[in-house]
>>> print(open('query_17.txt').read())   # compact mmCIF, C-alpha atoms
# COMPACT_ATOMS: atom_id res chain seq x y z
CA MET A 17 -25.38 -53.48 26.23
CA ASN A 18 -22.72 -55.11 28.39
CA PHE A 19 -18.97 -54.50 28.49
CA ASP A 20 -18.13 -57.34 26.05
CA GLN A 21 -20.50 -55.94 23.42
CA LEU A 22 -19.03 -52.47 23.81
CA LYS A 23 -15.54 -53.90 23.45
CA GLU A 24 -16.50 -55.81 20.30
CA GLN A 25 -18.12 -52.73 18.76
CA TRP A 26 -15.05 -50.65 19.52
CA ASN A 27 -12.76 -53.22 17.84
CA ASN A 28 -14.99 -53.25 14.75
CA GLU A 29 -14.68 -49.46 14.33
CA ASP A 30 -12.43 -48.36 11.49
CA GLY A 31 -9.60 -46.39 13.04
CA ASP A 32 -9.25 -44.26 9.88
CA SER A 33 -12.80 -42.96 10.28
CA VAL A 34 -12.04 -41.24 13.57
CA ASN A 35 -11.95 -37.47 13.02
CA ILE A 36 -9.03 -35.96 14.89
CA PRO A 37 -9.52 -32.23 15.45
CA ASN A 38 -7.08 -30.25 13.37
CA THR A 39 -7.25 -27.13 15.51
CA ILE A 40 -3.50 -27.19 16.19
CA GLU A 41 -2.78 -27.43 12.46
CA GLN A 42 -5.08 -24.50 11.74
CA LEU A 43 -3.43 -22.42 14.44
CA LYS A 44 -0.03 -23.19 12.94
CA LYS A 45 -1.35 -22.20 9.53
CA SER A 46 -2.55 -18.89 10.97
CA LYS A 47 1.03 -18.00 11.85
CA HIS A 48 1.77 -17.51 8.16
CA PRO A 49 -0.61 -14.54 7.54
CA ILE A 50 0.41 -13.01 10.88
CA GLU A 51 4.06 -13.15 9.82
CA LYS A 52 3.12 -11.40 6.56
CA ILE A 53 1.29 -8.69 8.54
CA GLN A 54 4.38 -8.21 10.72
CA LYS A 55 6.58 -7.93 7.63
CA SER A 56 4.32 -5.28 6.07
CA MET A 57 4.15 -3.30 9.30
CA LYS A 58 7.90 -3.47 9.84
CA ALA A 59 8.49 -2.03 6.37
CA GLU A 60 5.79 0.64 6.65
CA PHE A 61 6.49 2.05 10.09
CA PRO A 62 9.86 3.76 9.32
CA MET A 63 8.53 4.97 5.97
CA GLN A 64 5.57 6.66 7.67
CA VAL A 65 7.82 8.32 10.26
CA ILE A 66 10.17 9.59 7.53
CA ALA A 67 7.21 10.84 5.46
CA VAL A 68 5.86 12.88 8.40
CA ILE A 69 9.32 14.42 8.93
CA LEU A 70 9.78 15.25 5.23
CA ILE A 71 6.39 16.98 5.09
CA ALA A 72 7.85 19.61 7.44
CA PHE A 73 10.12 20.83 4.61
CA PHE A 74 7.37 21.35 2.01
CA PRO A 75 7.28 25.17 2.45
CA GLN A 76 10.98 25.41 1.62
CA GLN A 77 10.70 22.98 -1.28
CA LEU A 78 7.65 24.75 -2.71
CA ARG A 79 9.16 28.17 -1.91
CA PHE A 80 6.23 29.49 0.10
CA PRO A 81 6.57 33.10 1.33
CA GLU A 82 7.56 33.26 4.99
CA SER A 83 4.29 35.03 5.75
CA GLN A 84 2.50 31.73 4.96
CA TYR A 85 4.65 29.64 7.27
CA ILE A 86 2.32 30.26 10.22
CA ILE A 87 -0.62 28.82 8.23
CA TYR A 88 1.34 25.81 7.06
CA TYR A 89 3.00 24.92 10.36
CA THR A 90 -0.21 25.33 12.36
CA SER A 91 -1.73 22.69 10.11
CA TYR A 92 1.46 20.62 10.30
CA ALA A 93 1.43 20.71 14.12
CA MET A 94 -2.06 19.18 14.07
CA LEU A 95 -0.84 16.56 11.61
CA VAL A 96 2.06 15.64 13.92
CA VAL A 97 -0.29 15.21 16.91
CA ILE A 98 -2.62 12.97 14.90
CA SER A 99 0.31 11.05 13.42
CA SER A 100 1.85 10.47 16.85
CA TYR A 101 -1.39 9.00 18.16
CA TYR A 102 -1.76 6.75 15.11
CA LEU A 103 1.88 5.63 15.03
CA PHE A 104 1.75 4.74 18.73
CA GLY A 105 -1.28 2.53 18.10
CA PHE A 106 0.43 1.05 15.04
CA TYR A 107 3.55 0.18 17.08
CA LYS A 108 1.45 -1.20 19.94
CA PHE A 109 -0.41 -3.54 17.57
CA TYR A 110 2.88 -4.70 16.03
CA LYS A 111 4.13 -5.65 19.49
CA GLN A 112 0.92 -7.62 20.08
CA THR A 113 1.49 -9.68 16.93
CA GLU A 114 4.99 -10.54 18.20
CA LEU A 115 3.47 -12.00 21.37
CA TYR A 116 1.14 -14.30 19.42
CA ASP A 117 2.40 -17.88 19.69
CA GLY A 118 -0.45 -19.74 17.96
CA ASN A 119 -1.39 -21.82 21.00
CA THR A 120 -4.98 -20.73 21.52
CA LYS A 121 -7.94 -19.86 19.35
CA ASN A 122 -8.79 -16.94 21.63
CA SER A 123 -5.43 -15.27 21.00
CA LEU A 124 -6.02 -15.67 17.25
CA TRP A 125 -9.45 -14.03 17.57
CA LYS A 126 -7.86 -11.18 19.49
CA ILE A 127 -5.23 -10.64 16.78
CA TYR A 128 -7.96 -10.73 14.11
CA HIS A 129 -10.11 -8.11 15.83
CA GLU A 130 -7.08 -5.91 16.56
CA LEU A 131 -6.09 -6.18 12.89
CA LYS A 132 -9.57 -5.07 11.77
CA LEU A 133 -9.40 -2.17 14.23
CA ASN A 134 -5.92 -1.24 12.99
CA MET A 135 -7.16 -1.26 9.38
CA GLU A 136 -9.92 1.20 10.33
CA ARG A 137 -7.36 3.35 12.14
CA TYR A 138 -5.04 3.17 9.12
CA GLN A 139 -7.77 4.46 6.83
CA SER A 140 -8.83 7.17 9.29
CA PHE A 141 -5.23 8.33 9.51
CA GLY A 142 -5.10 8.68 5.74
CA PHE A 143 -8.38 10.60 5.69
CA LEU A 144 -7.18 12.95 8.43
CA LEU A 145 -4.14 13.85 6.34
CA LEU A 146 -6.38 15.21 3.58
CA PRO A 147 -7.10 18.62 5.20
CA HIS A 148 -3.37 19.32 5.58
CA PHE A 149 -2.68 18.48 1.96
CA MET A 150 -5.65 20.57 0.87
CA ILE A 151 -4.19 23.54 2.76
CA THR A 152 -0.81 22.90 1.12
CA LEU A 153 -2.35 22.71 -2.36
CA GLY A 154 -4.41 25.82 -1.64
CA LEU A 155 -1.31 27.79 -0.67
CA GLU A 156 0.55 26.55 -3.72
CA PHE A 157 -2.34 27.46 -6.02
CA TYR A 158 -2.64 30.89 -4.40
CA ASN A 159 1.08 31.53 -4.91
CA ILE A 160 0.93 30.49 -8.57
CA LEU A 161 -1.93 32.93 -9.20
CA GLU A 162 -0.11 35.69 -7.31
CA LYS A 163 3.00 35.26 -9.47
CA LYS A 164 0.79 35.76 -12.51
CA GLY A 165 -0.70 38.89 -10.96
CA GLU A 166 -4.08 37.23 -10.56
CA SER A 167 -6.34 36.27 -7.66
CA LEU A 168 -9.19 33.87 -6.98
CA GLY A 169 -11.64 36.73 -7.49
CA ASP A 170 -10.37 37.23 -11.06
CA MET A 171 -11.29 33.67 -12.01
CA SER A 172 -14.43 33.16 -14.06
CA SER A 173 -17.35 31.30 -12.49
CA ASN A 174 -16.86 28.41 -14.92
CA TYR A 175 -13.22 28.11 -13.94
CA GLN A 176 -14.10 28.21 -10.24
CA GLN A 177 -16.70 25.46 -10.74
CA ALA A 178 -14.19 23.37 -12.66
CA LEU A 179 -11.70 23.85 -9.82
CA ILE A 180 -14.24 22.75 -7.19
CA ILE A 181 -15.20 19.68 -9.25
CA SER A 182 -11.51 18.82 -9.71
CA VAL A 183 -10.94 19.05 -5.96
CA LEU A 184 -13.96 16.82 -5.28
CA ILE A 185 -12.84 14.25 -7.85
CA GLY A 186 -9.27 14.35 -6.52
CA THR A 187 -10.48 13.90 -2.94
CA GLY A 188 -12.69 10.98 -3.96
CA ALA A 189 -9.75 9.37 -5.80
CA ILE A 190 -7.48 9.75 -2.77
CA VAL A 191 -10.12 8.27 -0.42
CA ALA A 192 -10.65 5.33 -2.80
CA SER A 193 -6.89 4.76 -3.12
CA ILE A 194 -6.48 4.75 0.70
CA VAL A 195 -9.25 2.13 1.05
CA LEU A 196 -7.83 -0.02 -1.78
CA TRP A 197 -4.27 0.26 -0.45
CA THR A 198 -5.41 -0.82 3.02
CA LYS A 199 -7.18 -3.84 1.56
CA TYR A 200 -4.14 -4.67 -0.56
CA ILE A 201 -1.68 -4.48 2.35
CA TYR A 202 -3.76 -5.98 5.17
CA GLY A 203 -7.12 -7.08 3.76
CA ARG A 204 -5.91 -10.32 2.20
CA ASN A 205 -4.25 -11.52 5.39
CA ALA A 206 -7.29 -10.47 7.45
CA LYS A 207 -9.44 -12.59 5.13
CA ARG A 208 -7.10 -15.57 5.55
CA LEU A 209 -7.32 -15.28 9.34
CA GLU A 210 -11.11 -15.03 9.10
CA ASN A 211 -11.26 -18.18 6.94
CA ILE A 212 -9.08 -20.10 9.40
CA LEU A 213 -11.27 -19.04 12.32
CA ASN A 214 -14.42 -20.03 10.40
CA GLU A 215 -12.89 -23.45 9.65
CA MET A 216 -12.10 -23.91 13.32
CA ASP A 217 -15.69 -23.02 14.27
CA GLU A 218 -17.00 -25.59 11.82
>>> encode(input="query_17.txt", output="structure tokens")
Amino acid sequence: MNFDQLKEQWNNEDGDSVNIPNTIEQLKKSKHPIEKIQKSMKAEFPMQVIAVILIAFFPQQLRFPESQYIIYYTSYAMLVVISSYYLFGFYKFYKQTELYDGNTKNSLWKIYHELKLNMERYQSFGFLLLPHFMITLGLEFYNILEKKGESLGDMSSNYQQALIISVLIGTGAIVASIVLWTKYIYGRNAKRLENILNEMDE
């Protein structure tokens, strides 16, 4: 085929049938879920910090005996260490989303994977808070029994079994609520980013 034939074939091509890659449009569209993620994180971060601080005053609010303070605040100190590690990672990820400018697919992939990692960290943080709240509930329950002049040993076996089952059900409900809350806050936007990336691959 010579040059004239190539030229004629080119002129006969329908210009509307040429598929222009829409990668730039998809990257622009990805900015929307990222902005929603930033908004959620910006609202949550100060609330989480305040919540950790307020937990320090539970013994006074629940009127625990001073002899139990050492138990409570030992557990609380561990909670603060874990919270500090998590909140630092949370803040670091937020700063990464601010740097995203939507110019490259690779940067979008990086944000997506960091978001998935942050969701796992978010859930783990919630799970790690459970032992502290179990200790708090245990102390509160112990104090209620003591005010009644009773002890755990005075409880019937049926009552003890019911208490254990209640704790297990409560723990399961809290774990499920943490998972569902994570999906509600971040899962939808993670799915949107995943769909955009899949469209770009196609």
>>> atom_distance(input="query_17.txt", atom1="CA of His148 (chain A)", atom2="CA of Ser91 (chain A)")
5.9 Å
>>> residues_around(input="query_17.txt", residues="Leu103 (chain A)", least_positions_apart="6", cutoff="9 Å", atoms="all atoms listed in the file", output="MDAnalysis selection string")
chainID A and resid 61 64:65
>>> residues_around(input="query_17.txt", residues="Leu115 (chain A)", least_positions_apart="5", cutoff="12 Å", atoms="all atoms listed in the file", output="VMD selection string")
chain A and resid 47 50 to 51 54 108 to 110 123 to 124 126 to 127
>>> closest_residue(input="query_17.txt", among="A:Phe80, A:Tyr85, A:Tyr92, A:Tyr128", to="Phe149 (chain A)", atoms="all atoms listed in the file")
A:Tyr92
>>> closest_residue(input="query_17.txt", among="A:Pro49, A:Ser99, A:Trp197, A:Glu215", to="Leu144 (chain A)", atoms="only C-alpha atoms")
A:Ser99
>>> closest_residue(input="query_17.txt", among="A:Leu161, A:Ala206, A:Leu70, A:Leu95", to="His48 (chain A)", atoms="only C-alpha atoms")
A:Ala206
>>> atom_distance(input="query_17.txt", atom1="CA of Met57 (chain A)", atom2="CA of Val195 (chain A)")
16.6 Å
>>> atom_distance(input="query_17.txt", atom1="CA of Ser173 (chain A)", atom2="CA of Arg79 (chain A)")
28.7 Å
>>> closest_residue(input="query_17.txt", among="A:Ile87, A:Ala178, A:Ile71, A:Ile66", to="Leu155 (chain A)", atoms="all atoms listed in the file")
A:Ile87
>>> closest_residue(input="query_17.txt", among="A:Gly188, A:Asn214, A:Ile194, A:Gln84", to="Tyr158 (chain A)", atoms="all atoms listed in the file")
A:Gln84
>>> closest_residue(input="query_17.txt", among="A:Met135, A:Ile151, A:Leu145, A:Ile160", to="Lys199 (chain A)", atoms="all atoms listed in the file")
A:Met135
>>> decode(input="query_17.txt", residues="region 140-185 of chain A", atoms="N, CA and C atoms", output="mmCIF file, in the first residue's frame")
data_model
loop_
_atom_site.group_PDB
_atom_site.id
_atom_site.type_symbol
_atom_site.label_atom_id
_atom_site.label_comp_id
_atom_site.auth_asym_id
_atom_site.auth_seq_id
_atom_site.Cartn_x
_atom_site.Cartn_y
_atom_site.Cartn_z
ATOM 1 N N SER A 140 -8.595 -2.309 63.552
ATOM 2 C CA SER A 140 -7.711 -2.860 64.581
ATOM 3 C C SER A 140 -7.684 -1.962 65.813
ATOM 4 N N PHE A 141 -7.688 -0.660 65.580
ATOM 5 C CA PHE A 141 -7.707 0.303 66.686
ATOM 6 C C PHE A 141 -8.961 0.117 67.530
ATOM 7 N N GLY A 142 -10.093 -0.047 66.863
ATOM 8 C CA GLY A 142 -11.346 -0.274 67.569
ATOM 9 C C GLY A 142 -11.316 -1.566 68.374
ATOM 10 N N PHE A 143 -10.752 -2.626 67.772
ATOM 11 C CA PHE A 143 -10.671 -3.906 68.471
ATOM 12 C C PHE A 143 -9.753 -3.822 69.685
ATOM 13 N N LEU A 144 -8.675 -3.055 69.557
ATOM 14 C CA LEU A 144 -7.709 -2.941 70.651
ATOM 15 C C LEU A 144 -8.261 -2.133 71.828
ATOM 16 N N LEU A 145 -9.316 -1.365 71.572
ATOM 17 C CA LEU A 145 -9.951 -0.617 72.665
ATOM 18 C C LEU A 145 -10.838 -1.514 73.538
ATOM 19 N N LEU A 146 -11.232 -2.658 72.983
ATOM 20 C CA LEU A 146 -12.145 -3.546 73.704
ATOM 21 C C LEU A 146 -11.618 -3.992 75.074
ATOM 22 N N PRO A 147 -10.349 -4.435 75.173
ATOM 23 C CA PRO A 147 -9.869 -4.868 76.502
ATOM 24 C C PRO A 147 -9.996 -3.783 77.572
ATOM 25 N N HIS A 148 -9.706 -2.530 77.195
ATOM 26 C CA HIS A 148 -9.806 -1.441 78.178
ATOM 27 C C HIS A 148 -11.247 -1.261 78.641
ATOM 28 N N PHE A 149 -12.176 -1.321 77.697
ATOM 29 C CA PHE A 149 -13.575 -1.141 78.077
ATOM 30 C C PHE A 149 -14.105 -2.347 78.854
ATOM 31 N N MET A 150 -13.546 -3.521 78.579
ATOM 32 C CA MET A 150 -13.921 -4.699 79.367
ATOM 33 C C MET A 150 -13.450 -4.550 80.816
ATOM 34 N N ILE A 151 -12.244 -4.030 80.987
ATOM 35 C CA ILE A 151 -11.722 -3.784 82.341
ATOM 36 C C ILE A 151 -12.598 -2.752 83.063
ATOM 37 N N THR A 152 -12.979 -1.696 82.333
ATOM 38 C CA THR A 152 -13.831 -0.655 82.923
ATOM 39 C C THR A 152 -15.180 -1.224 83.344
ATOM 40 N N LEU A 153 -15.794 -2.029 82.466
ATOM 41 C CA LEU A 153 -17.085 -2.639 82.787
ATOM 42 C C LEU A 153 -16.949 -3.627 83.953
ATOM 43 N N GLY A 154 -15.821 -4.348 83.964
ATOM 44 C CA GLY A 154 -15.585 -5.296 85.050
ATOM 45 C C GLY A 154 -15.487 -4.594 86.395
ATOM 46 N N LEU A 155 -14.771 -3.480 86.427
ATOM 47 C CA LEU A 155 -14.649 -2.704 87.668
ATOM 48 C C LEU A 155 -16.000 -2.141 88.106
ATOM 49 N N GLU A 156 -16.749 -1.652 87.132
ATOM 50 C CA GLU A 156 -18.072 -1.099 87.439
ATOM 51 C C GLU A 156 -19.001 -2.186 87.987
ATOM 52 N N PHE A 157 -18.972 -3.343 87.362
ATOM 53 C CA PHE A 157 -19.815 -4.460 87.800
ATOM 54 C C PHE A 157 -19.414 -4.923 89.200
ATOM 55 N N TYR A 158 -18.109 -4.977 89.423
ATOM 56 C CA TYR A 158 -17.596 -5.377 90.743
ATOM 57 C C TYR A 158 -18.058 -4.395 91.829
ATOM 58 N N ASN A 159 -18.003 -3.107 91.510
ATOM 59 C CA ASN A 159 -18.411 -2.088 92.486
ATOM 60 C C ASN A 159 -19.904 -2.133 92.775
ATOM 61 N N ILE A 160 -20.702 -2.442 91.752
ATOM 62 C CA ILE A 160 -22.153 -2.554 91.958
ATOM 63 C C ILE A 160 -22.468 -3.711 92.905
ATOM 64 N N LEU A 161 -21.792 -4.850 92.674
ATOM 65 C CA LEU A 161 -22.000 -6.010 93.547
ATOM 66 C C LEU A 161 -21.552 -5.724 94.987
ATOM 67 N N GLU A 162 -20.421 -5.001 95.093
ATOM 68 C CA GLU A 162 -19.879 -4.702 96.424
ATOM 69 C C GLU A 162 -20.820 -3.804 97.206
ATOM 70 N N LYS A 163 -21.465 -2.861 96.520
ATOM 71 C CA LYS A 163 -22.422 -1.976 97.198
ATOM 72 C C LYS A 163 -23.621 -2.753 97.720
ATOM 73 N N LYS A 164 -23.936 -3.853 97.037
ATOM 74 C CA LYS A 164 -25.046 -4.702 97.468
ATOM 75 C C LYS A 164 -24.610 -5.728 98.506
ATOM 76 N N GLY A 165 -23.316 -5.718 98.840
ATOM 77 C CA GLY A 165 -22.801 -6.682 99.799
ATOM 78 C C GLY A 165 -22.632 -8.061 99.209
ATOM 79 N N GLU A 166 -22.470 -8.123 97.887
ATOM 80 C CA GLU A 166 -22.319 -9.405 97.201
ATOM 81 C C GLU A 166 -20.947 -9.475 96.542
ATOM 82 N N SER A 167 -20.633 -10.636 95.988
ATOM 83 C CA SER A 167 -19.386 -10.832 95.252
ATOM 84 C C SER A 167 -19.649 -11.779 94.090
ATOM 85 N N LEU A 168 -18.661 -11.918 93.212
ATOM 86 C CA LEU A 168 -18.824 -12.808 92.069
ATOM 87 C C LEU A 168 -19.020 -14.255 92.510
ATOM 88 N N GLY A 169 -18.382 -14.608 93.653
ATOM 89 C CA GLY A 169 -18.524 -15.970 94.157
ATOM 90 C C GLY A 169 -19.920 -16.292 94.636
ATOM 91 N N ASP A 170 -20.698 -15.264 95.002
ATOM 92 C CA ASP A 170 -22.072 -15.474 95.485
ATOM 93 C C ASP A 170 -23.067 -15.701 94.345
ATOM 94 N N MET A 171 -22.625 -15.423 93.127
ATOM 95 C CA MET A 171 -23.524 -15.566 91.981
ATOM 96 C C MET A 171 -23.745 -17.040 91.665
ATOM 97 N N SER A 172 -24.958 -17.374 91.281
ATOM 98 C CA SER A 172 -25.252 -18.751 90.886
ATOM 99 C C SER A 172 -24.564 -19.080 89.570
ATOM 100 N N SER A 173 -24.382 -20.368 89.303
ATOM 101 C CA SER A 173 -23.709 -20.792 88.071
ATOM 102 C C SER A 173 -24.502 -20.352 86.841
ATOM 103 N N ASN A 174 -25.823 -20.397 86.931
ATOM 104 C CA ASN A 174 -26.658 -19.960 85.802
ATOM 105 C C ASN A 174 -26.464 -18.473 85.520
ATOM 106 N N TYR A 175 -26.367 -17.698 86.583
ATOM 107 C CA TYR A 175 -26.174 -16.253 86.427
ATOM 108 C C TYR A 175 -24.801 -15.953 85.845
ATOM 109 N N GLN A 176 -23.797 -16.702 86.281
ATOM 110 C CA GLN A 176 -22.442 -16.525 85.755
ATOM 111 C C GLN A 176 -22.389 -16.871 84.267
ATOM 112 N N GLN A 177 -23.065 -17.965 83.882
ATOM 113 C CA GLN A 177 -23.113 -18.364 82.475
ATOM 114 C C GLN A 177 -23.825 -17.313 81.632
ATOM 115 N N ALA A 178 -24.915 -16.786 82.189
ATOM 116 C CA ALA A 178 -25.651 -15.728 81.471
ATOM 117 C C ALA A 178 -24.783 -14.491 81.291
ATOM 118 N N LEU A 179 -23.987 -14.183 82.316
ATOM 119 C CA LEU A 179 -23.088 -13.028 82.244
ATOM 120 C C LEU A 179 -22.023 -13.228 81.167
ATOM 121 N N ILE A 180 -21.445 -14.427 81.120
ATOM 122 C CA ILE A 180 -20.411 -14.740 80.114
ATOM 123 C C ILE A 180 -20.993 -14.661 78.705
ATOM 124 N N ILE A 181 -22.197 -15.213 78.533
ATOM 125 C CA ILE A 181 -22.855 -15.181 77.211
ATOM 126 C C ILE A 181 -23.161 -13.738 76.815
ATOM 127 N N SER A 182 -23.594 -12.935 77.789
ATOM 128 C CA SER A 182 -23.890 -11.519 77.511
ATOM 129 C C SER A 182 -22.637 -10.768 77.070
ATOM 130 N N VAL A 183 -21.519 -11.069 77.740
ATOM 131 C CA VAL A 183 -20.253 -10.428 77.374
ATOM 132 C C VAL A 183 -19.836 -10.830 75.954
ATOM 133 N N LEU A 184 -19.996 -12.121 75.640
ATOM 134 C CA LEU A 184 -19.637 -12.611 74.301
ATOM 135 C C LEU A 184 -20.515 -11.965 73.226
ATOM 136 N N ILE A 185 -21.812 -11.898 73.494
ATOM 137 C CA ILE A 185 -22.737 -11.282 72.535
ATOM 138 C C ILE A 185 -22.423 -9.791 72.376
#
